[in-house]
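Structure below is my_file_28.cif: mmCIF, C-alpha atoms.
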data_my_file
loop_
_atom_site.label_atom_id
_atom_site.label_comp_id
_atom_site.auth_asym_id
_atom_site.auth_seq_id
_atom_site.Cartn_x
_atom_site.Cartn_y
_atom_site.Cartn_z
CA MET A 1 16.01 -38.77 -3.26
CA LYS A 2 15.36 -35.94 -5.71
CA ASP A 3 17.81 -35.49 -8.54
CA ILE A 4 16.84 -31.89 -9.21
CA SER A 5 17.69 -28.53 -7.75
CA ILE A 6 15.44 -25.69 -6.63
CA THR A 7 16.30 -22.05 -7.28
CA VAL A 8 14.69 -19.09 -5.51
CA GLY A 9 15.55 -15.39 -5.62
CA SER A 10 17.73 -13.43 -7.99
CA VAL A 11 21.15 -11.88 -8.33
CA GLU A 12 19.73 -8.35 -8.38
CA SER A 13 21.17 -5.89 -5.89
CA GLY A 14 19.62 -6.33 -2.45
CA ASP A 15 18.49 -9.88 -3.21
CA LEU A 16 20.13 -13.28 -3.05
CA MET A 17 19.80 -16.50 -4.98
CA VAL A 18 19.40 -19.79 -3.17
CA VAL A 19 19.97 -23.11 -4.93
CA ILE A 20 19.04 -26.27 -3.08
CA SER A 21 20.06 -29.74 -4.12
CA ASN A 22 20.83 -33.10 -2.58
CA SER A 23 23.80 -33.18 -0.28
CA THR A 24 26.69 -35.31 -1.51
CA ASN A 25 27.62 -36.45 2.00
CA ASN A 26 24.15 -36.64 3.53
CA LYS A 27 24.88 -33.63 5.77
CA LEU A 28 23.87 -30.01 5.69
CA GLU A 29 26.25 -28.23 3.31
CA ILE A 30 26.05 -24.46 3.18
CA ASP A 31 28.10 -22.59 0.59
CA VAL A 32 27.88 -18.80 0.59
CA LYS A 33 29.21 -16.46 -2.06
CA SER A 34 28.94 -12.77 -1.24
CA LYS A 35 30.78 -9.53 -1.87
CA PHE A 36 30.14 -8.83 1.79
CA LEU A 37 31.43 -12.13 3.14
CA LYS A 38 34.17 -10.46 5.19
CA GLN A 39 31.67 -8.40 7.20
CA TYR A 40 28.59 -10.63 7.22
CA LYS A 41 29.81 -14.22 6.86
CA ASP A 42 28.81 -15.27 10.38
CA GLU A 43 25.44 -13.53 10.18
CA ILE A 44 24.51 -15.10 6.84
CA TYR A 45 25.52 -18.60 8.00
CA SER A 46 23.66 -18.11 11.23
CA ILE A 47 20.42 -17.09 9.47
CA VAL A 48 20.62 -20.02 7.03
CA ASN A 49 21.35 -22.43 9.86
CA ASP A 50 18.47 -21.11 11.97
CA VAL A 51 15.99 -21.51 9.12
CA CYS A 52 17.23 -25.04 8.42
CA LYS A 53 16.95 -25.90 12.10
CA SER A 54 13.39 -24.57 12.30
CA LYS A 55 12.47 -26.73 9.31
CA ASN A 56 14.37 -29.81 10.57
CA VAL A 57 16.61 -29.79 7.52
CA ASN A 58 20.01 -31.42 7.99
CA ASN A 59 20.93 -33.17 4.76
CA LEU A 60 20.77 -30.73 1.86
CA LYS A 61 23.23 -28.69 -0.12
CA ILE A 62 22.37 -24.99 0.07
CA GLU A 63 24.23 -22.62 -2.21
CA ILE A 64 23.80 -18.90 -1.59
CA ASN A 65 24.75 -16.10 -3.96
CA ASP A 66 24.25 -12.95 -1.91
CA GLN A 67 23.97 -9.50 -3.45
CA GLY A 68 23.74 -7.49 -0.25
CA ALA A 69 20.45 -8.84 1.08
CA ILE A 70 19.18 -7.75 4.48
CA PRO A 71 18.51 -10.50 7.06
CA ALA A 72 14.77 -10.65 6.31
CA VAL A 73 15.48 -11.27 2.62
CA ILE A 74 18.03 -14.00 3.40
CA ARG A 75 15.50 -15.65 5.71
CA ALA A 76 12.68 -15.33 3.18
CA ARG A 77 14.64 -16.75 0.27
CA VAL A 78 15.87 -19.76 2.27
CA ILE A 79 12.40 -20.45 3.69
CA ALA A 80 10.87 -20.24 0.21
CA ALA A 81 13.50 -22.53 -1.29
CA LEU A 82 13.05 -25.13 1.45
CA GLU A 83 9.27 -24.99 1.12
CA LYS A 84 9.55 -25.42 -2.64
CA TRP A 85 11.92 -28.32 -2.16
CA GLY A 86 9.56 -29.95 0.29
CA SER A 87 6.40 -29.51 -1.75
CA MET B 1 3.67 -1.34 14.10
CA LYS B 2 0.34 -2.86 14.94
CA ASN B 3 -2.35 -0.47 16.24
CA TRP B 4 -0.82 2.44 14.31
CA LYS B 5 -3.24 4.85 12.65
CA ILE B 6 -2.49 7.26 9.84
CA ASN B 7 -2.59 10.80 11.22
CA ARG B 8 -3.10 12.73 8.00
CA SER B 9 -5.20 12.58 4.88
CA ARG B 10 -4.22 10.00 2.27
CA ARG B 11 -3.04 11.74 -0.87
CA HIS B 12 -0.96 9.12 -2.65
CA MET B 13 -0.60 5.35 -2.57
CA LEU B 14 2.57 4.16 -4.25
CA PHE B 15 2.43 0.75 -5.92
CA VAL B 16 5.57 -1.29 -5.25
CA PRO B 17 6.08 -4.76 -6.78
CA ALA B 18 6.43 -7.05 -3.76
CA ASP B 19 9.00 -9.30 -5.44
CA LYS B 20 11.81 -6.71 -5.55
CA PRO B 21 13.74 -6.70 -2.25
CA ALA B 22 15.70 -3.52 -2.99
CA MET B 23 12.50 -1.54 -3.42
CA TYR B 24 11.34 -2.27 0.12
CA ARG B 25 14.39 -0.32 1.28
CA ASP B 26 14.39 2.50 -1.28
CA VAL B 27 10.70 3.35 -1.15
CA VAL B 28 10.96 5.09 2.23
CA PHE B 29 12.88 7.98 0.66
CA TYR B 30 9.95 8.94 -1.58
CA LYS B 31 7.67 9.59 1.43
CA PRO B 32 4.37 8.27 0.09
CA ASP B 33 1.43 8.48 2.49
CA THR B 34 0.75 4.82 1.80
CA ILE B 35 2.98 2.16 0.26
CA MET B 36 1.00 -0.48 -1.55
CA PHE B 37 3.02 -3.65 -1.94
CA ASP B 38 1.58 -5.58 -4.83
CA LEU B 39 1.17 -9.34 -4.63
CA GLU B 40 -1.33 -9.38 -7.48
CA ASP B 41 -0.62 -8.21 -11.03
CA ALA B 42 3.06 -7.39 -10.46
CA VAL B 43 3.92 -10.97 -9.51
CA SER B 44 4.02 -13.94 -11.89
CA TYR B 45 2.14 -17.11 -10.95
CA SER B 46 5.35 -19.06 -10.33
CA GLU B 47 6.62 -16.41 -7.88
CA LYS B 48 3.44 -15.93 -5.82
CA ASP B 49 4.52 -18.14 -2.91
CA SER B 50 8.12 -16.96 -2.62
CA THR B 51 7.02 -13.31 -2.94
CA ARG B 52 4.46 -13.73 -0.17
CA ILE B 53 7.19 -15.15 2.10
CA LEU B 54 9.47 -12.26 1.16
CA LEU B 55 6.78 -9.73 2.01
CA ARG B 56 5.98 -11.43 5.32
CA GLU B 57 9.60 -11.62 6.45
CA ILE B 58 10.52 -8.05 5.47
CA LEU B 59 7.33 -6.53 6.87
CA THR B 60 7.89 -8.41 10.10
CA ASP B 61 11.30 -6.75 10.54
CA MET B 62 10.64 -3.37 8.93
CA ASP B 63 8.35 -0.80 10.44
CA TYR B 64 7.35 1.85 7.93
CA ASN B 65 5.01 3.46 10.42
CA LYS B 66 7.96 4.97 12.24
CA TYR B 67 8.55 7.00 9.06
CA ASN B 68 4.88 8.00 9.20
CA ILE B 69 4.12 5.79 6.20
CA GLU B 70 1.10 3.49 6.08
CA THR B 71 1.58 -0.02 4.69
CA CYS B 72 -0.99 -1.61 2.45
CA VAL B 73 -0.81 -4.87 0.50
CA ARG B 74 -2.73 -5.55 -2.66
CA VAL B 75 -3.57 -9.21 -2.22
CA ASN B 76 -4.67 -11.62 -4.92
CA GLY B 77 -8.41 -11.75 -5.57
CA ILE B 78 -10.68 -13.66 -3.22
CA ASP B 79 -11.47 -16.12 -6.00
CA THR B 80 -7.82 -17.19 -6.29
CA GLU B 81 -5.91 -19.98 -4.57
CA TRP B 82 -3.49 -17.41 -3.08
CA PHE B 83 -5.96 -15.14 -1.30
CA GLU B 84 -6.11 -16.86 2.06
CA LYS B 85 -2.33 -17.31 2.31
CA ASP B 86 -1.85 -13.64 1.38
CA ILE B 87 -4.20 -12.59 4.17
CA GLU B 88 -2.40 -14.82 6.67
CA ALA B 89 0.99 -13.30 5.77
CA CYS B 90 -0.38 -9.76 6.15
CA VAL B 91 -1.93 -10.46 9.53
CA GLN B 92 1.37 -11.94 10.76
CA SER B 93 3.42 -8.86 9.84
CA ASN B 94 3.36 -5.06 10.14
CA VAL B 95 0.67 -4.49 7.54
CA ASN B 96 -1.92 -1.82 8.30
CA MET B 97 -4.31 -2.30 5.42
CA ILE B 98 -5.27 -4.67 2.63
CA ARG B 99 -6.36 -3.54 -0.78
CA LEU B 100 -8.94 -5.94 -2.14
CA PRO B 101 -9.01 -6.08 -5.93
CA LYS B 102 -12.09 -6.54 -8.09
CA VAL B 103 -14.77 -6.41 -5.40
CA GLU B 104 -18.25 -6.87 -6.81
CA LYS B 105 -20.57 -8.05 -4.04
CA VAL B 106 -21.16 -7.55 -0.32
CA SER B 107 -20.40 -11.25 0.14
CA ASP B 108 -16.83 -10.54 -1.08
CA ILE B 109 -16.31 -8.30 1.95
CA ASP B 110 -18.01 -10.76 4.29
CA TYR B 111 -15.61 -13.46 3.14
CA ALA B 112 -12.55 -11.18 3.41
CA VAL B 113 -13.52 -10.04 6.92
CA LYS B 114 -14.18 -13.61 8.04
CA THR B 115 -10.76 -14.66 6.75
CA LEU B 116 -9.11 -11.71 8.51
CA GLU B 117 -10.87 -12.54 11.77
CA THR B 118 -9.71 -16.15 11.58
CA TYR B 119 -6.05 -15.18 11.24
CA GLU B 120 -6.20 -12.23 13.64
CA LYS B 121 -7.43 -14.69 16.25
CA LYS B 122 -4.84 -17.31 15.31
CA TYR B 123 -1.95 -14.84 15.66
CA ASN B 124 -3.45 -12.90 18.60
CA ARG B 125 -3.43 -9.68 16.65
CA GLU B 126 -5.10 -7.01 18.76
CA ASP B 127 -5.82 -4.43 16.08
CA LYS B 128 -8.00 -5.00 13.05
CA VAL B 129 -6.38 -4.96 9.63
CA LEU B 130 -8.05 -2.21 7.60
CA LEU B 131 -9.52 -2.56 4.12
CA PHE B 132 -9.29 -0.48 0.97
CA LEU B 133 -11.48 -1.61 -1.91
CA ALA B 134 -10.79 -1.47 -5.62
CA PHE B 135 -13.76 -1.42 -7.97
CA GLU B 136 -12.82 -2.68 -11.40
CA SER B 137 -16.04 -3.83 -13.05
CA ALA B 138 -19.46 -2.48 -13.98
CA LEU B 139 -21.08 -4.74 -11.37
CA GLY B 140 -18.68 -3.53 -8.69
CA ILE B 141 -19.32 0.13 -9.50
CA LEU B 142 -23.09 -0.37 -9.40
CA ASN B 143 -22.90 -2.19 -6.05
CA ALA B 144 -20.26 0.12 -4.58
CA PHE B 145 -22.46 1.84 -1.97
CA GLU B 146 -23.76 -1.36 -0.38
CA ILE B 147 -20.31 -2.92 -0.52
CA ALA B 148 -18.46 0.08 0.91
CA LYS B 149 -20.77 0.36 3.91
CA SER B 150 -20.59 -3.34 4.75
CA SER B 151 -17.66 -3.21 7.19
CA GLU B 152 -16.22 -0.67 9.59
CA ARG B 153 -12.76 -1.82 8.48
CA ILE B 154 -13.23 -0.11 5.11
CA GLN B 155 -11.21 3.12 4.94
CA GLY B 156 -11.53 3.97 1.31
CA ILE B 157 -12.39 2.98 -2.22
CA ALA B 158 -10.56 3.19 -5.51
CA LEU B 159 -11.25 2.88 -9.17
CA GLY B 160 -9.22 0.31 -11.08
CA GLY B 161 -9.21 1.75 -14.58
CA PHE B 162 -7.67 -1.00 -16.70
CA ASP B 163 -9.95 -3.92 -15.86
CA TYR B 164 -12.97 -1.63 -15.61
CA LEU B 165 -12.48 -0.44 -19.16
CA LEU B 166 -12.14 -4.01 -20.41
CA ASP B 167 -15.35 -4.92 -18.62
CA LEU B 168 -17.17 -1.93 -20.10
CA LYS B 169 -15.96 -2.79 -23.60
CA GLY B 170 -15.10 0.89 -23.90
CA ASP B 171 -12.14 2.64 -25.51
CA LYS B 172 -9.43 4.55 -23.68
CA THR B 173 -9.58 8.22 -24.60
CA ILE B 174 -7.10 10.99 -23.85
CA GLU B 175 -9.69 12.81 -21.72
CA ARG B 176 -10.78 9.55 -20.05
CA THR B 177 -14.44 10.41 -20.61
CA GLU B 178 -15.17 6.68 -20.48
CA LEU B 179 -14.34 6.78 -16.74
CA LEU B 180 -16.53 9.74 -15.88
CA TYR B 181 -19.57 7.85 -14.64
CA ALA B 182 -17.51 5.50 -12.44
CA ARG B 183 -15.43 8.36 -11.07
CA GLN B 184 -18.45 10.45 -10.14
CA HIS B 185 -20.29 7.46 -8.73
CA LEU B 186 -17.38 6.48 -6.48
CA VAL B 187 -16.96 10.05 -5.23
CA HIS B 188 -20.64 10.05 -4.25
CA VAL B 189 -20.28 6.70 -2.50
CA ALA B 190 -17.20 7.86 -0.62
CA ARG B 191 -18.65 11.18 0.45
CA ALA B 192 -21.91 9.59 1.55
CA LEU B 193 -19.99 7.13 3.72
CA LYS B 194 -17.13 9.48 4.80
CA LEU B 195 -14.46 7.36 3.13
CA ASP B 196 -11.36 8.21 1.13
CA VAL B 197 -11.61 7.87 -2.64
CA PHE B 198 -8.69 7.26 -4.98
CA ASP B 199 -8.37 7.61 -8.70
CA VAL B 200 -6.78 5.27 -11.28
CA VAL B 201 -3.05 5.15 -11.97
CA TYR B 202 -1.62 7.30 -14.72
CA SER B 203 0.52 4.89 -16.68
CA ASN B 204 2.71 7.24 -18.73
CA VAL B 205 5.27 8.08 -16.06
CA ASN B 206 7.14 10.50 -18.33
CA ASP B 207 4.10 12.66 -19.01
CA LYS B 208 4.06 15.19 -16.18
CA ASP B 209 1.65 17.56 -17.95
CA GLY B 210 -0.86 14.78 -18.59
CA PHE B 211 -0.63 13.57 -15.01
CA VAL B 212 -1.06 17.05 -13.55
CA LYS B 213 -4.03 17.78 -15.81
CA GLU B 214 -5.71 14.50 -14.87
CA PHE B 215 -5.07 14.90 -11.15
CA LYS B 216 -6.41 18.48 -11.12
CA PHE B 217 -9.51 17.22 -12.88
CA VAL B 218 -10.21 14.33 -10.50
CA LYS B 219 -9.46 16.59 -7.54
CA SER B 220 -12.17 18.93 -8.83
CA LEU B 221 -14.54 15.94 -8.92
CA GLY B 222 -13.82 15.30 -5.23
CA PHE B 223 -11.10 12.63 -5.18
CA ASN B 224 -8.67 12.61 -2.23
CA GLY B 225 -5.76 11.29 -4.16
CA LYS B 226 -4.42 8.95 -6.75
CA SER B 227 -2.76 5.57 -6.86
CA VAL B 228 0.70 6.16 -8.30
CA ILE B 229 3.28 3.94 -9.97
CA HIS B 230 6.32 6.23 -9.98
CA PRO B 231 7.84 8.29 -7.14
CA ASN B 232 7.80 11.44 -9.30
CA GLN B 233 4.00 11.29 -9.33
CA ILE B 234 4.04 11.76 -5.53
CA ARG B 235 5.86 15.04 -6.05
CA TYR B 236 3.36 16.22 -8.66
CA ILE B 237 0.44 15.48 -6.32
CA ASN B 238 2.12 17.34 -3.46
CA GLU B 239 2.79 20.35 -5.67
CA ILE B 240 -0.90 20.54 -6.56
CA LEU B 241 -2.29 19.94 -3.08
CA LYS B 242 0.11 22.06 -1.06
CA PRO B 243 -1.75 25.23 0.02
CA THR B 244 -0.09 28.53 -0.86
CA PRO B 245 1.11 30.87 1.93
CA ASP B 246 -1.74 33.26 1.03
CA GLN B 247 -4.32 30.48 1.32
CA VAL B 248 -2.93 29.42 4.70
CA GLU B 249 -2.87 32.98 6.02
CA TYR B 250 -6.42 33.66 4.85
CA ALA B 251 -7.69 30.40 6.35
CA LEU B 252 -5.94 30.99 9.68
CA GLU B 253 -7.38 34.48 9.93
CA MET B 254 -10.91 33.38 9.11
CA VAL B 255 -10.89 30.41 11.48
CA LYS B 256 -9.49 32.53 14.33
CA ALA B 257 -12.12 35.21 13.68
CA PHE B 258 -14.82 32.54 13.61
CA ASN B 259 -13.63 31.02 16.90
CA LYS B 260 -13.67 34.47 18.49
CA SER B 261 -17.21 35.14 17.28
CA VAL B 262 -18.29 31.84 18.85
CA GLU B 263 -16.58 32.77 22.13
CA ASP B 264 -18.20 36.21 22.08
CA GLY B 265 -21.57 34.69 21.34
CA VAL B 266 -21.99 36.83 18.25
CA GLY B 267 -24.82 35.58 16.09
CA VAL B 268 -23.71 36.90 12.73
CA PHE B 269 -20.14 36.27 11.64
CA LEU B 270 -18.51 38.94 9.50
CA PHE B 271 -15.10 38.40 7.95
CA ARG B 272 -13.40 41.23 6.05
CA GLY B 273 -16.80 42.87 5.71
CA THR B 274 -18.55 39.82 4.27
CA MET B 275 -20.99 37.56 6.05
CA VAL B 276 -19.56 34.06 6.30
CA ASP B 277 -21.45 30.90 7.18
CA LYS B 278 -20.22 27.64 8.69
CA PRO B 279 -19.58 25.65 5.49
CA VAL B 280 -17.21 28.39 4.31
CA VAL B 281 -15.30 28.16 7.60
CA GLU B 282 -15.24 24.36 7.34
CA LYS B 283 -13.66 24.65 3.90
CA GLN B 284 -10.91 26.82 5.42
CA ILE B 285 -10.41 24.25 8.19
CA GLU B 286 -9.91 21.64 5.47
CA ILE B 287 -7.20 23.83 3.94
CA LEU B 288 -5.52 24.10 7.35
CA LYS B 289 -5.66 20.34 7.82
CA LEU B 290 -4.00 19.94 4.44
CA ALA B 291 -1.46 22.58 5.48
CA GLU B 292 -0.76 20.45 8.56
CA ASP B 293 0.06 17.49 6.29
CA PHE B 294 2.74 19.66 4.70
CA ASP B 295 3.97 20.95 8.10
CA LEU B 296 2.89 24.50 7.25
CA VAL B 297 0.80 24.84 10.43
CA LYS B 298 0.36 22.93 13.65
CA LYS B 299 -2.89 21.86 15.24
CA GLY B 300 -2.60 24.46 18.01
CA ASP B 301 -2.24 27.28 15.47
CA TYR B 302 -5.98 27.55 14.89
#

Spell out the structure here as structure tokens.
Amino acid sequence: MKDISITVGSVESGDLMVVISNSTNNKLEIDVKSKFLKQYKDEIYSIVNDVCKSKNVNNLKIEINDQGAIPAVIRARVIAALEKWGS
Amino acid sequence: MKNWKINRSRRHMLFVPADKPAMYRDVVFYKPDTIMFDLEDAVSYSEKDSTRILLREILTDMDYNKYNIETCVRVNGIDTEWFEKDIEACVQSNVNMIRLPKVEKVSDIDYAVKTLETYEKKYNREDKVLLFLAFESALGILNAFEIAKSSERIQGIALGGFDYLLDLKGDKTIERTELLYARQHLVHVARALKLDVFDVVYSNVNDKDGFVKEFKFVKSLGFNGKSVIHPNQIRYINEILKPTPDQVEYALEMVKAFNKSVEDGVGVFLFRGTMVDKPVVEKQIEILKLAEDFDLVKKGDY
């Protein structure tokens, strides 16, 4: 088990920051902070979940700080963070 | 969109750092002929992988071609550990063209083409990703003709001023006289091979007068356009290239008169009392093609 965290992305407008660390309960924990949570909560969770599923990830803590990223950016940042975590 | 082809002359290629998500969205409004997303110098070593993923995911979803904008990616050099992964990401997404930095030998192109073929086959890509070459060293400039004719994918060539000057051990002057040989050589290579040729970036984005002076000069040498680093520079190029109403009217009249003389089978072509030969008419057709790029005329108008 790694005792570090991985950070990818930024908190610039249009981007999002992803921080990955070990899950405290050995499950997939997704925590999203976003100014746009009211409108896009389901979409953001769905994208993060889909990426995790495609990478067979089910026991990490994934913290998202969204600054109005489009779906491709959300996908890209989560993929990059998971790849960095895995490498 | 794969299989898309640019339908006008390339006048400006706007460099966009590939690690800035907001810029992918904003850049459309500046209407460059070609957007050049930069994976090379604009991106730090630690961000190469995440930026490549960002580029791949956005350019899979976004289609700049529907705005009549060509997409190009400046990949990392073929001698780097990132090159092959960069190529793979471009082939997977809506990228029309790859700008290869620092090419010096024909074998550089052979390697790039082989890599492209491998991934085009892997991802069943039907169209071929195009190539635009940047020459940035004395060796590259000297070998430019052989290199630029080595693949049918090659659409154009460009001079990379910064690294070239370092390689020359020259000094940067206001008039850029140190670039004259390379500029003239690349124009000759491009014209001999019917390719586009692009000039160096002008780094002082606040100096409109300097930019305009430099662009007018390289245009007189024969360059098609210039790589640009600020949206304002697109506007300056357009202002210089856009034909005037008088030029368009004169060109339309001459081309119509020429077409009529051909139809009538007249041997000698007189226009406004002066004998005109074919190269003069061809020059006017070039002006009309440029006028088309600015929506001043339509193809059927002449």

- Residues at most 12 Å from A:Ser54, counting all atoms listed in the file, excluding those fewer than 6 positions away in the same chain, as an MDAnalysis selection string? chainID A and resid 47:48 75 78:79 82:83

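Note that the spacing between atom CA of B:Tyr45 and atom CA of B:Leu131 amounts to 24.0 Å.
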
- Within 12 Å of B:Lys102, counting all atoms listed in the file, which residues qualify if same-chain residues fewer than 5 places away don't, as a PyMOL selection string? chain B and resi 40-41+74-80+108-109+132-141+143-144+147+157-164+167

- Counting all atoms listed in the file, which residues come within 12 Å of (12.2, -23.3, -3.7), with the point read in the file's coordinates, and could you list them as a VMD selection string? (chain A and resid 4 to 9 17 to 21 62 76 to 87) or (chain B and resid 46 to 51 53)

- Query: Written as number ranges by chain, which residues does the PyMOL selection byres ((chain A and resi 32) around 6) give for the file shown?
  - Reply: A: 31, 33, 63-64

- Item | Residue members of the PyMOL selection byres ((chain B) within 8 of (chain A)) in the file shown, as a ChimeraX atom specification | /B:20-22,49-50,53-54,57-58,61

- Selected by the PyMOL selection byres ((chain B and resi 116) around 9) in the shown coordinates: which residues, as a VMD selection string? chain B and resid 84 87 to 88 91 111 to 115 117 to 121 128 to 129

- Pick out the closest residue to B:Val280 from this set: B:Leu100, B:Asp295, B:Phe258, B:Lys194. Count only C-alpha atoms.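 Looking at the shortest contact to B:Val280, the residue is B:Phe258.
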
- Shortest interatomic distance to B:Met62 - which of B:Pro32, B:Arg25, B:Val268, B:Val187, counting only C-alpha atoms: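 Once distances to B:Met62 are computed over only C-alpha atoms, the minimum belongs to B:Arg25.
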
Edge lengths and centre, in Å to one decimal, as JSON: that's what I need for the box along x, y and z that holds all listed atoms of stretch 67-84 of chain A plus 3 Å on each side.
{"center_x": 16.6, "center_y": -16.5, "center_z": 1.8, "size_x": 20.7, "size_y": 23.9, "size_z": 16.5}

- Message: Taking 3 positions as the minimum chain separation for residues in the same chain, which residues sit within 9 Å of stretch 243-252 of chain B when counting only C-alpha atoms? Answer as a list in words.
- Response: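 Returned residues: Glu239, Ile240, Val255, Lys256, Ala257, Val281, Lys283, Gln284, Ile285, Ile287, Leu288, Leu290, Ala291, Phe294, Leu296, Val297, Asp301 and Tyr302 of chain B.
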
- Spatial neighbours of A:Asn49, 10 Å, all atoms listed in the file, chain gap at least 5 places, as a ChimeraX atom specification: /A:28,30,43-44,54-55,57-58,75,78

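Residues in contact with stretch 177-181 of chain B at up to 9 Å, not including ones fewer than 3 positions away on its chain and judged by only C-alpha atoms, are B:Gly161, B:Tyr164, B:Leu165, B:Leu168, B:Gly170, B:Asp171, B:Lys172, B:Thr173, B:Ile174, B:Gln184, B:His185, B:Leu186.
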
- Message: As an exercise, work out the distance from atom CA of B:Asn124 to atom CA of B:Val106 in Å and give it to one decimal place.
- Response: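 The value is 26.5 Å.
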
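Distances from B:Asp63, B:Asp26, B:Tyr202, B:Phe83 to B:Val228 were compared using only C-alpha atoms, and the smallest one belongs to B:Tyr202.
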
- Task: Quote the spacing between atom CA of B:Leu130 and atom CA of B:Val218 in Å to one decimal place.
- Result: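 If I compute the distance from atom CA of B:Leu130 to atom CA of B:Val218, I get 24.6 Å.
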